[in-house]
Structures are given as structure tokens and as C-alpha cells.
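A.B. asks: After the C-alpha cells below, expect a handful of questions from me.
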Amino acid sequence: LAGHPMVAKKRLGREIVRALSPQFAIVACYGRNHDGAQLLQRETGCEIFPADVSRESDVERLFQTSFWAIVHAAGIARDALLLRQSLESWHQTLRVNADGAFLVARAALRNLPRGGRLILLSSRVGERGAAGQAAYAASKAAMLALCKTAAREGAESGICVNAICPPFVPSALSENLSGEAMQALQSQSVFGCEGS
């Protein structure tokens with residue numbers, strides 16, 4: 001599942017579709033960015049599918065198609081200091097990031113064939129936390145725990161489940177960060193200040 005609605009120069013889900021499309025038939029899931037999805041379809045030849053991965057009915061409808069592998073990259077961030085985080089934005093972040101990952105993982109374990117693959121895009125923030133990102137960090141930590149459980153359960157059916165915690169990548173999730181904060185995050189990458 002590539003991408004949740006984002007407005008940015010670099011979208012991780014979109015770049016994954018571009019990287020994989022020369023070798024595989026891709027179904028790219030998108031939220032509200034229909035124009036961006038159509039452009040991606042023209043560029044890569046992928047099939048596009050409108051869905052909100054936090055809605056059970058949308059995920060079930062998506063899995064009426066047969067897949068060999070799923071890359072789940074949907075995610076949002078509603079950043080705020082913990083003292084200022086609203087319950088609404090907390091729930092919204094957990095709903096898309098954690099509930100969405102749960103629904104996709106559950107459907108994948110039910111529907112992928114033996115030898116199938118599920119890859120969840122988590123975050124290093126989920127491993128160590130980050131000031132101003134309580135909801136995002138909690139949702140990505142939940143995804144890591146979900147992945148470990150899904151990997152154990154999927155092994156019985158020959159389904160491989162992994163999580164990837166990519167280094168900092170400038171995207172819609174980071175577009176509101178100050179230049180100083182962006183530089184600090186980029187400096188943590190083993191690739192240096194080239195965040196992409």
C-alpha cells in the first residue's frame with residue numbers, strides 16, 4: 001500500500017512504487033490525492049486504488065485483489081509537544097498509523113499466499129521517541145510490536161513479515177519542521193545530511 005494523502009515534494013510511498021514498478025505489477029493505494037495517484041499511474045503503469053487504510057471495509061475491498069507482497073507505507077503525523085497534544089490529533093494519528101497497519105497486517109495474513117511478503121514502514125522515532133512527536137512515535141512503536149507478532153503468526157503460513165525503519169527522509173510529514181530541526185534530524189542519518 002503506497003502512500004496516505006500527502007502534499008510534498010518527496011513521498012516515500014510514491015518513491016517505493018517508482019522503484020518497484022519496473023519489475024513488478026503494482027497496486028498503489030491512495031487517500032485523497034487523486035491527481036497525484038493518476039500522475040503516478042501514468043509514470044509507472046501501476047494500478048491505483050482509492051482507500052483509507054484505517055477503514056476496515058476499504059482494506060477488505062482492497063484485498064479482493066490477489067497479492068504476493070504488500071508494502072504498507074501509509075502514515076500521518078500530527079506533531080505537538082505532549083503537553084499540547086490534543087486527544088483528537090492523538091486518535092487520528094493512531095487510527096491511520098497503528099489501526100491501519102493492524103488492518104493491513106490482518107488482511108495480509110488472511111490472504112497472502114505461502115511465500116508472500118508483508119513489509120511495514122515504521123520509523124526510528126518509534127524505537128527511541130522524539131520531542132514533539134508523541135502520537136507519531138507511539139503509533140510507530142505499536143507498528144513494530146505488531147510486526148513482531150505478525151511475523152511469528154505469519155511464519156506458520158510461510159508468510160514473511162518485516163518492518164523497515166528508514167533514516168530521515170524529507171516528506172510531507174516533515175514539511176513543517178524548522179530548518180534547525182531538519183538539520184538535526186538529517187545529521188542523525190548514517191548517510192549524512194542527504195536525507196533522501
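Each chain in the C-alpha cells gets a letter, A, B and so on, in the order shown; residues start at 1 in every chain, and ligands are counted from 1 in the order they appear.
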For Arg114 (chain A), work out the shell of residues within 12 Å, counting only C-alpha atoms and skipping chain neighbours fewer than 3 positions away, then give it as a list in words.
C.D. replies: Phe67, Trp68, Ala69, Ala108, Leu109, Arg110, Asn111, Arg117, Leu118, Gly154, Ala155, Glu156, Ser157, Gly158, Ile159, Cys160 and Val161 of chain A
A.B. asks: Write the residues of the preceding selection, restricted to C-alpha atoms, as a compact mmCIF listing (two decimals), in the first residue's frame.
C.D. replies:
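result-v7.txt was written with the following content:
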# COMPACT_ATOMS: atom_id res chain seq x y z
CA PHE A 67 -1.23 -10.00 -3.96
CA TRP A 68 2.11 -11.69 -3.47
CA ALA A 69 3.60 -8.84 -1.46
CA ALA A 108 -2.28 -9.89 4.63
CA LEU A 109 -2.06 -12.90 6.96
CA ARG A 110 -5.50 -13.99 5.79
CA ASN A 111 -4.91 -13.50 2.08
CA ARG A 117 5.71 -10.86 1.97
CA LEU A 118 4.44 -8.04 4.16
CA GLY A 154 2.74 -15.49 9.57
CA ALA A 155 5.61 -17.96 9.79
CA GLU A 156 3.09 -20.76 10.28
CA SER A 157 1.68 -19.99 6.82
CA GLY A 158 5.04 -19.28 5.20
CA ILE A 159 4.39 -15.52 5.11
CA CYS A 160 7.39 -13.33 5.87
CA VAL A 161 6.69 -10.11 7.79
A.B. asks: Going by DSSP on the backbone, which bits of region 48-182 of chain A are alpha helix (DSSP H)? Write them as a PDB file with N, CA and C atoms, in the first residue's frame, please.
C.D. replies:
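Final output, out25.pdb:
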ATOM      1  N   GLU A  56     -11.859  -0.471   7.905  1.00  0.00           N
ATOM      2  CA  GLU A  56     -11.858  -1.917   7.690  1.00  0.00           C
ATOM      3  C   GLU A  56     -12.465  -2.299   6.337  1.00  0.00           C
ATOM      4  N   SER A  57     -13.568  -1.662   5.963  1.00  0.00           N
ATOM      5  CA  SER A  57     -14.231  -2.008   4.702  1.00  0.00           C
ATOM      6  C   SER A  57     -13.349  -1.702   3.505  1.00  0.00           C
ATOM      7  N   ASP A  58     -12.572  -0.598   3.561  1.00  0.00           N
ATOM      8  CA  ASP A  58     -11.668  -0.262   2.454  1.00  0.00           C
ATOM      9  C   ASP A  58     -10.563  -1.294   2.316  1.00  0.00           C
ATOM     10  N   VAL A  59     -10.005  -1.725   3.438  1.00  0.00           N
ATOM     11  CA  VAL A  59      -8.929  -2.718   3.392  1.00  0.00           C
ATOM     12  C   VAL A  59      -9.463  -4.053   2.878  1.00  0.00           C
ATOM     13  N   GLU A  60     -10.644  -4.443   3.331  1.00  0.00           N
ATOM     14  CA  GLU A  60     -11.236  -5.696   2.851  1.00  0.00           C
ATOM     15  C   GLU A  60     -11.493  -5.631   1.351  1.00  0.00           C
ATOM     16  N   ARG A  61     -11.957  -4.483   0.876  1.00  0.00           N
ATOM     17  CA  ARG A  61     -12.197  -4.312  -0.570  1.00  0.00           C
ATOM     18  C   ARG A  61     -10.894  -4.392  -1.351  1.00  0.00           C
ATOM     19  N   LEU A  62      -9.843  -3.798  -0.812  1.00  0.00           N
ATOM     20  CA  LEU A  62      -8.541  -3.849  -1.474  1.00  0.00           C
ATOM     21  C   LEU A  62      -8.060  -5.285  -1.622  1.00  0.00           C
ATOM     22  N   LEU A  87      -6.339  15.241  22.219  1.00  0.00           N
ATOM     23  CA  LEU A  87      -6.771  13.847  22.154  1.00  0.00           C
ATOM     24  C   LEU A  87      -7.236  13.506  20.737  1.00  0.00           C
ATOM     25  N   GLU A  88      -7.842  14.465  20.070  1.00  0.00           N
ATOM     26  CA  GLU A  88      -8.315  14.249  18.700  1.00  0.00           C
ATOM     27  C   GLU A  88      -7.154  13.945  17.752  1.00  0.00           C
ATOM     28  N   SER A  89      -6.085  14.748  17.824  1.00  0.00           N
ATOM     29  CA  SER A  89      -4.947  14.502  16.932  1.00  0.00           C
ATOM     30  C   SER A  89      -4.210  13.215  17.310  1.00  0.00           C
ATOM     31  N   TRP A  90      -4.174  12.903  18.615  1.00  0.00           N
ATOM     32  CA  TRP A  90      -3.610  11.622  19.071  1.00  0.00           C
ATOM     33  C   TRP A  90      -4.375  10.461  18.434  1.00  0.00           C
ATOM     34  N   HIS A  91      -5.705  10.492  18.547  1.00  0.00           N
ATOM     35  CA  HIS A  91      -6.522   9.417  17.997  1.00  0.00           C
ATOM     36  C   HIS A  91      -6.400   9.323  16.486  1.00  0.00           C
ATOM     37  N   GLN A  92      -6.350  10.469  15.813  1.00  0.00           N
ATOM     38  CA  GLN A  92      -6.248  10.475  14.357  1.00  0.00           C
ATOM     39  C   GLN A  92      -4.940   9.818  13.909  1.00  0.00           C
ATOM     40  N   THR A  93      -3.847  10.135  14.585  1.00  0.00           N
ATOM     41  CA  THR A  93      -2.552   9.556  14.231  1.00  0.00           C
ATOM     42  C   THR A  93      -2.534   8.053  14.480  1.00  0.00           C
ATOM     43  N   LEU A  94      -3.029   7.642  15.645  1.00  0.00           N
ATOM     44  CA  LEU A  94      -3.070   6.208  15.960  1.00  0.00           C
ATOM     45  C   LEU A  94      -4.007   5.462  15.021  1.00  0.00           C
ATOM     46  N   GLY A 100      -4.423   1.311  10.915  1.00  0.00           N
ATOM     47  CA  GLY A 100      -4.222   0.974   9.507  1.00  0.00           C
ATOM     48  C   GLY A 100      -3.248  -0.179   9.328  1.00  0.00           C
ATOM     49  N   ALA A 101      -2.152  -0.157  10.072  1.00  0.00           N
ATOM     50  CA  ALA A 101      -1.181  -1.253   9.993  1.00  0.00           C
ATOM     51  C   ALA A 101      -1.790  -2.560  10.469  1.00  0.00           C
ATOM     52  N   PHE A 102      -2.584  -2.498  11.547  1.00  0.00           N
ATOM     53  CA  PHE A 102      -3.265  -3.702  12.041  1.00  0.00           C
ATOM     54  C   PHE A 102      -4.196  -4.283  10.985  1.00  0.00           C
ATOM     55  N   LEU A 103      -5.032  -3.434  10.384  1.00  0.00           N
ATOM     56  CA  LEU A 103      -5.987  -3.923   9.391  1.00  0.00           C
ATOM     57  C   LEU A 103      -5.278  -4.528   8.183  1.00  0.00           C
ATOM     58  N   VAL A 104      -4.211  -3.887   7.738  1.00  0.00           N
ATOM     59  CA  VAL A 104      -3.466  -4.402   6.593  1.00  0.00           C
ATOM     60  C   VAL A 104      -2.756  -5.706   6.960  1.00  0.00           C
ATOM     61  N   ALA A 105      -2.134  -5.748   8.136  1.00  0.00           N
ATOM     62  CA  ALA A 105      -1.424  -6.968   8.548  1.00  0.00           C
ATOM     63  C   ALA A 105      -2.397  -8.128   8.697  1.00  0.00           C
ATOM     64  N   ARG A 106      -3.535  -7.884   9.301  1.00  0.00           N
ATOM     65  CA  ARG A 106      -4.526  -8.948   9.477  1.00  0.00           C
ATOM     66  C   ARG A 106      -4.998  -9.464   8.127  1.00  0.00           C
ATOM     67  N   ALA A 107      -5.306  -8.545   7.205  1.00  0.00           N
ATOM     68  CA  ALA A 107      -5.751  -8.951   5.873  1.00  0.00           C
ATOM     69  C   ALA A 107      -4.642  -9.687   5.120  1.00  0.00           C
ATOM     70  N   ALA A 108      -3.408  -9.227   5.299  1.00  0.00           N
ATOM     71  CA  ALA A 108      -2.280  -9.887   4.629  1.00  0.00           C
ATOM     72  C   ALA A 108      -2.122 -11.317   5.118  1.00  0.00           C
ATOM     73  N   LEU A 109      -2.211 -11.546   6.426  1.00  0.00           N
ATOM     74  CA  LEU A 109      -2.057 -12.900   6.957  1.00  0.00           C
ATOM     75  C   LEU A 109      -3.208 -13.802   6.514  1.00  0.00           C
ATOM     76  N   ARG A 110      -4.361 -13.209   6.271  1.00  0.00           N
ATOM     77  CA  ARG A 110      -5.503 -13.994   5.792  1.00  0.00           C
ATOM     78  C   ARG A 110      -5.410 -14.310   4.310  1.00  0.00           C
ATOM     79  N   ASN A 111      -4.784 -13.422   3.540  1.00  0.00           N
ATOM     80  CA  ASN A 111      -4.911 -13.505   2.081  1.00  0.00           C
ATOM     81  C   ASN A 111      -3.629 -13.766   1.300  1.00  0.00           C
ATOM     82  N   VAL A 125      11.817   6.822  15.059  1.00  0.00           N
ATOM     83  CA  VAL A 125      11.155   7.552  16.139  1.00  0.00           C
ATOM     84  C   VAL A 125      10.353   6.581  17.009  1.00  0.00           C
ATOM     85  N   GLY A 126       9.841   5.517  16.410  1.00  0.00           N
ATOM     86  CA  GLY A 126       9.116   4.507  17.159  1.00  0.00           C
ATOM     87  C   GLY A 126      10.010   3.695  18.071  1.00  0.00           C
ATOM     88  N   GLU A 127      11.293   3.692  17.784  1.00  0.00           N
ATOM     89  CA  GLU A 127      12.251   2.967  18.618  1.00  0.00           C
ATOM     90  C   GLU A 127      12.751   3.808  19.782  1.00  0.00           C
ATOM     91  N   ARG A 128      12.909   5.129  19.560  1.00  0.00           N
ATOM     92  CA  ARG A 128      13.557   5.941  20.598  1.00  0.00           C
ATOM     93  C   ARG A 128      12.794   7.189  21.012  1.00  0.00           C
ATOM     94  N   ALA A 134       4.869  12.697  20.107  1.00  0.00           N
ATOM     95  CA  ALA A 134       4.352  11.637  20.972  1.00  0.00           C
ATOM     96  C   ALA A 134       3.428  10.689  20.222  1.00  0.00           C
ATOM     97  N   ALA A 135       2.451  11.221  19.500  1.00  0.00           N
ATOM     98  CA  ALA A 135       1.482  10.372  18.809  1.00  0.00           C
ATOM     99  C   ALA A 135       2.148   9.565  17.698  1.00  0.00           C
ATOM    100  N   TYR A 136       2.977  10.232  16.922  1.00  0.00           N
ATOM    101  CA  TYR A 136       3.664   9.546  15.821  1.00  0.00           C
ATOM    102  C   TYR A 136       4.580   8.447  16.367  1.00  0.00           C
ATOM    103  N   ALA A 137       5.354   8.759  17.398  1.00  0.00           N
ATOM    104  CA  ALA A 137       6.272   7.778  17.980  1.00  0.00           C
ATOM    105  C   ALA A 137       5.501   6.588  18.545  1.00  0.00           C
ATOM    106  N   ALA A 138       4.410   6.849  19.248  1.00  0.00           N
ATOM    107  CA  ALA A 138       3.620   5.765  19.821  1.00  0.00           C
ATOM    108  C   ALA A 138       3.027   4.882  18.733  1.00  0.00           C
ATOM    109  N   SER A 139       2.549   5.505  17.665  1.00  0.00           N
ATOM    110  CA  SER A 139       1.943   4.720  16.578  1.00  0.00           C
ATOM    111  C   SER A 139       2.982   3.860  15.868  1.00  0.00           C
ATOM    112  N   LYS A 140       4.185   4.392  15.699  1.00  0.00           N
ATOM    113  CA  LYS A 140       5.226   3.624  15.018  1.00  0.00           C
ATOM    114  C   LYS A 140       5.818   2.545  15.924  1.00  0.00           C
ATOM    115  N   ALA A 141       5.846   2.793  17.235  1.00  0.00           N
ATOM    116  CA  ALA A 141       6.260   1.751  18.176  1.00  0.00           C
ATOM    117  C   ALA A 141       5.233   0.619  18.176  1.00  0.00           C
ATOM    118  N   ALA A 142       3.948   0.975  18.120  1.00  0.00           N
ATOM    119  CA  ALA A 142       2.897  -0.034  18.032  1.00  0.00           C
ATOM    120  C   ALA A 142       3.066  -0.873  16.769  1.00  0.00           C
ATOM    121  N   MET A 143       3.444  -0.223  15.679  1.00  0.00           N
ATOM    122  CA  MET A 143       3.653  -0.942  14.432  1.00  0.00           C
ATOM    123  C   MET A 143       4.795  -1.952  14.552  1.00  0.00           C
ATOM    124  N   LEU A 144       5.861  -1.577  15.254  1.00  0.00           N
ATOM    125  CA  LEU A 144       6.980  -2.505  15.442  1.00  0.00           C
ATOM    126  C   LEU A 144       6.552  -3.722  16.256  1.00  0.00           C
ATOM    127  N   ALA A 145       5.791  -3.504  17.305  1.00  0.00           N
ATOM    128  CA  ALA A 145       5.306  -4.624  18.116  1.00  0.00           C
ATOM    129  C   ALA A 145       4.355  -5.499  17.301  1.00  0.00           C
ATOM    130  N   LEU A 146       3.493  -4.860  16.515  1.00  0.00           N
ATOM    131  CA  LEU A 146       2.583  -5.593  15.636  1.00  0.00           C
ATOM    132  C   LEU A 146       3.370  -6.449  14.651  1.00  0.00           C
ATOM    133  N   CYS A 147       4.420  -5.894  14.089  1.00  0.00           N
ATOM    134  CA  CYS A 147       5.241  -6.621  13.121  1.00  0.00           C
ATOM    135  C   CYS A 147       5.838  -7.885  13.742  1.00  0.00           C
ATOM    136  N   LYS A 148       6.343  -7.769  14.959  1.00  0.00           N
ATOM    137  CA  LYS A 148       6.951  -8.933  15.625  1.00  0.00           C
ATOM    138  C   LYS A 148       5.928 -10.047  15.824  1.00  0.00           C
ATOM    139  N   THR A 149       4.726  -9.666  16.214  1.00  0.00           N
ATOM    140  CA  THR A 149       3.664 -10.655  16.398  1.00  0.00           C
ATOM    141  C   THR A 149       3.227 -11.245  15.063  1.00  0.00           C
ATOM    142  N   ALA A 150       3.019 -10.377  14.066  1.00  0.00           N
ATOM    143  CA  ALA A 150       2.598 -10.849  12.743  1.00  0.00           C
ATOM    144  C   ALA A 150       3.650 -11.768  12.131  1.00  0.00           C
ATOM    145  N   ALA A 151       4.928 -11.480  12.382  1.00  0.00           N
ATOM    146  CA  ALA A 151       5.997 -12.329  11.850  1.00  0.00           C
ATOM    147  C   ALA A 151       5.913 -13.732  12.447  1.00  0.00           C
ATOM    148  N   ARG A 152       5.640 -13.818  13.739  1.00  0.00           N
ATOM    149  CA  ARG A 152       5.505 -15.132  14.389  1.00  0.00           C
ATOM    150  C   ARG A 152       4.288 -15.886  13.863  1.00  0.00           C
ATOM    151  N   GLU A 153       3.176 -15.180  13.746  1.00  0.00           N
ATOM    152  CA  GLU A 153       1.960 -15.830  13.281  1.00  0.00           C
ATOM    153  C   GLU A 153       2.019 -16.147  11.790  1.00  0.00           C
ATOM    154  N   GLY A 154       2.630 -15.258  11.011  1.00  0.00           N
ATOM    155  CA  GLY A 154       2.736 -15.485   9.573  1.00  0.00           C
ATOM    156  C   GLY A 154       3.658 -16.630   9.216  1.00  0.00           C
ATOM    157  N   ALA A 155       4.648 -16.887  10.062  1.00  0.00           N
ATOM    158  CA  ALA A 155       5.605 -17.963   9.787  1.00  0.00           C
ATOM    159  C   ALA A 155       4.906 -19.305   9.638  1.00  0.00           C
ATOM    160  N   GLY A 179      14.204  24.768   9.930  1.00  0.00           N
ATOM    161  CA  GLY A 179      15.478  24.406   9.306  1.00  0.00           C
ATOM    162  C   GLY A 179      16.444  23.781  10.297  1.00  0.00           C
ATOM    163  N   GLU A 180      16.443  24.282  11.504  1.00  0.00           N
ATOM    164  CA  GLU A 180      17.319  23.756  12.551  1.00  0.00           C
ATOM    165  C   GLU A 180      16.935  22.322  12.917  1.00  0.00           C
ATOM    166  N   ALA A 181      15.638  22.081  13.043  1.00  0.00           N
ATOM    167  CA  ALA A 181      15.165  20.728  13.373  1.00  0.00           C
ATOM    168  C   ALA A 181      15.457  19.763  12.236  1.00  0.00           C
ATOM    169  N   MET A 182      15.264  20.217  10.986  1.00  0.00           N
ATOM    170  CA  MET A 182      15.569  19.363   9.823  1.00  0.00           C
ATOM    171  C   MET A 182      17.046  18.992   9.810  1.00  0.00           C
TER     172      MET A 182
END
A.B. asks: Per DSSP on the backbone, what are the strand (DSSP E) residues of region 3-171 of chain A, as a VMD selection string?
C.D. replies: chain A and resid 27 to 30 47 to 50 69 to 72 117 to 121 160 to 164
A.B. asks: So how far away is CA of Leu120 (chain A) from CA of Leu40 (chain A), in Å?
C.D. replies: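 According to the coordinates, CA of Leu40 (chain A) and CA of Leu120 (chain A) are separated by 21.0 Å.
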A.B. asks: Using only C-alpha atoms, can you tell me which of A:Pro166, A:Leu20, A:Arg95, A:Gln85 comes closest to Ser123 (chain A)?
C.D. replies: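 Nearest candidate to Ser123 (chain A) out of A:Pro166, A:Leu20, A:Arg95, A:Gln85: A:Pro166.
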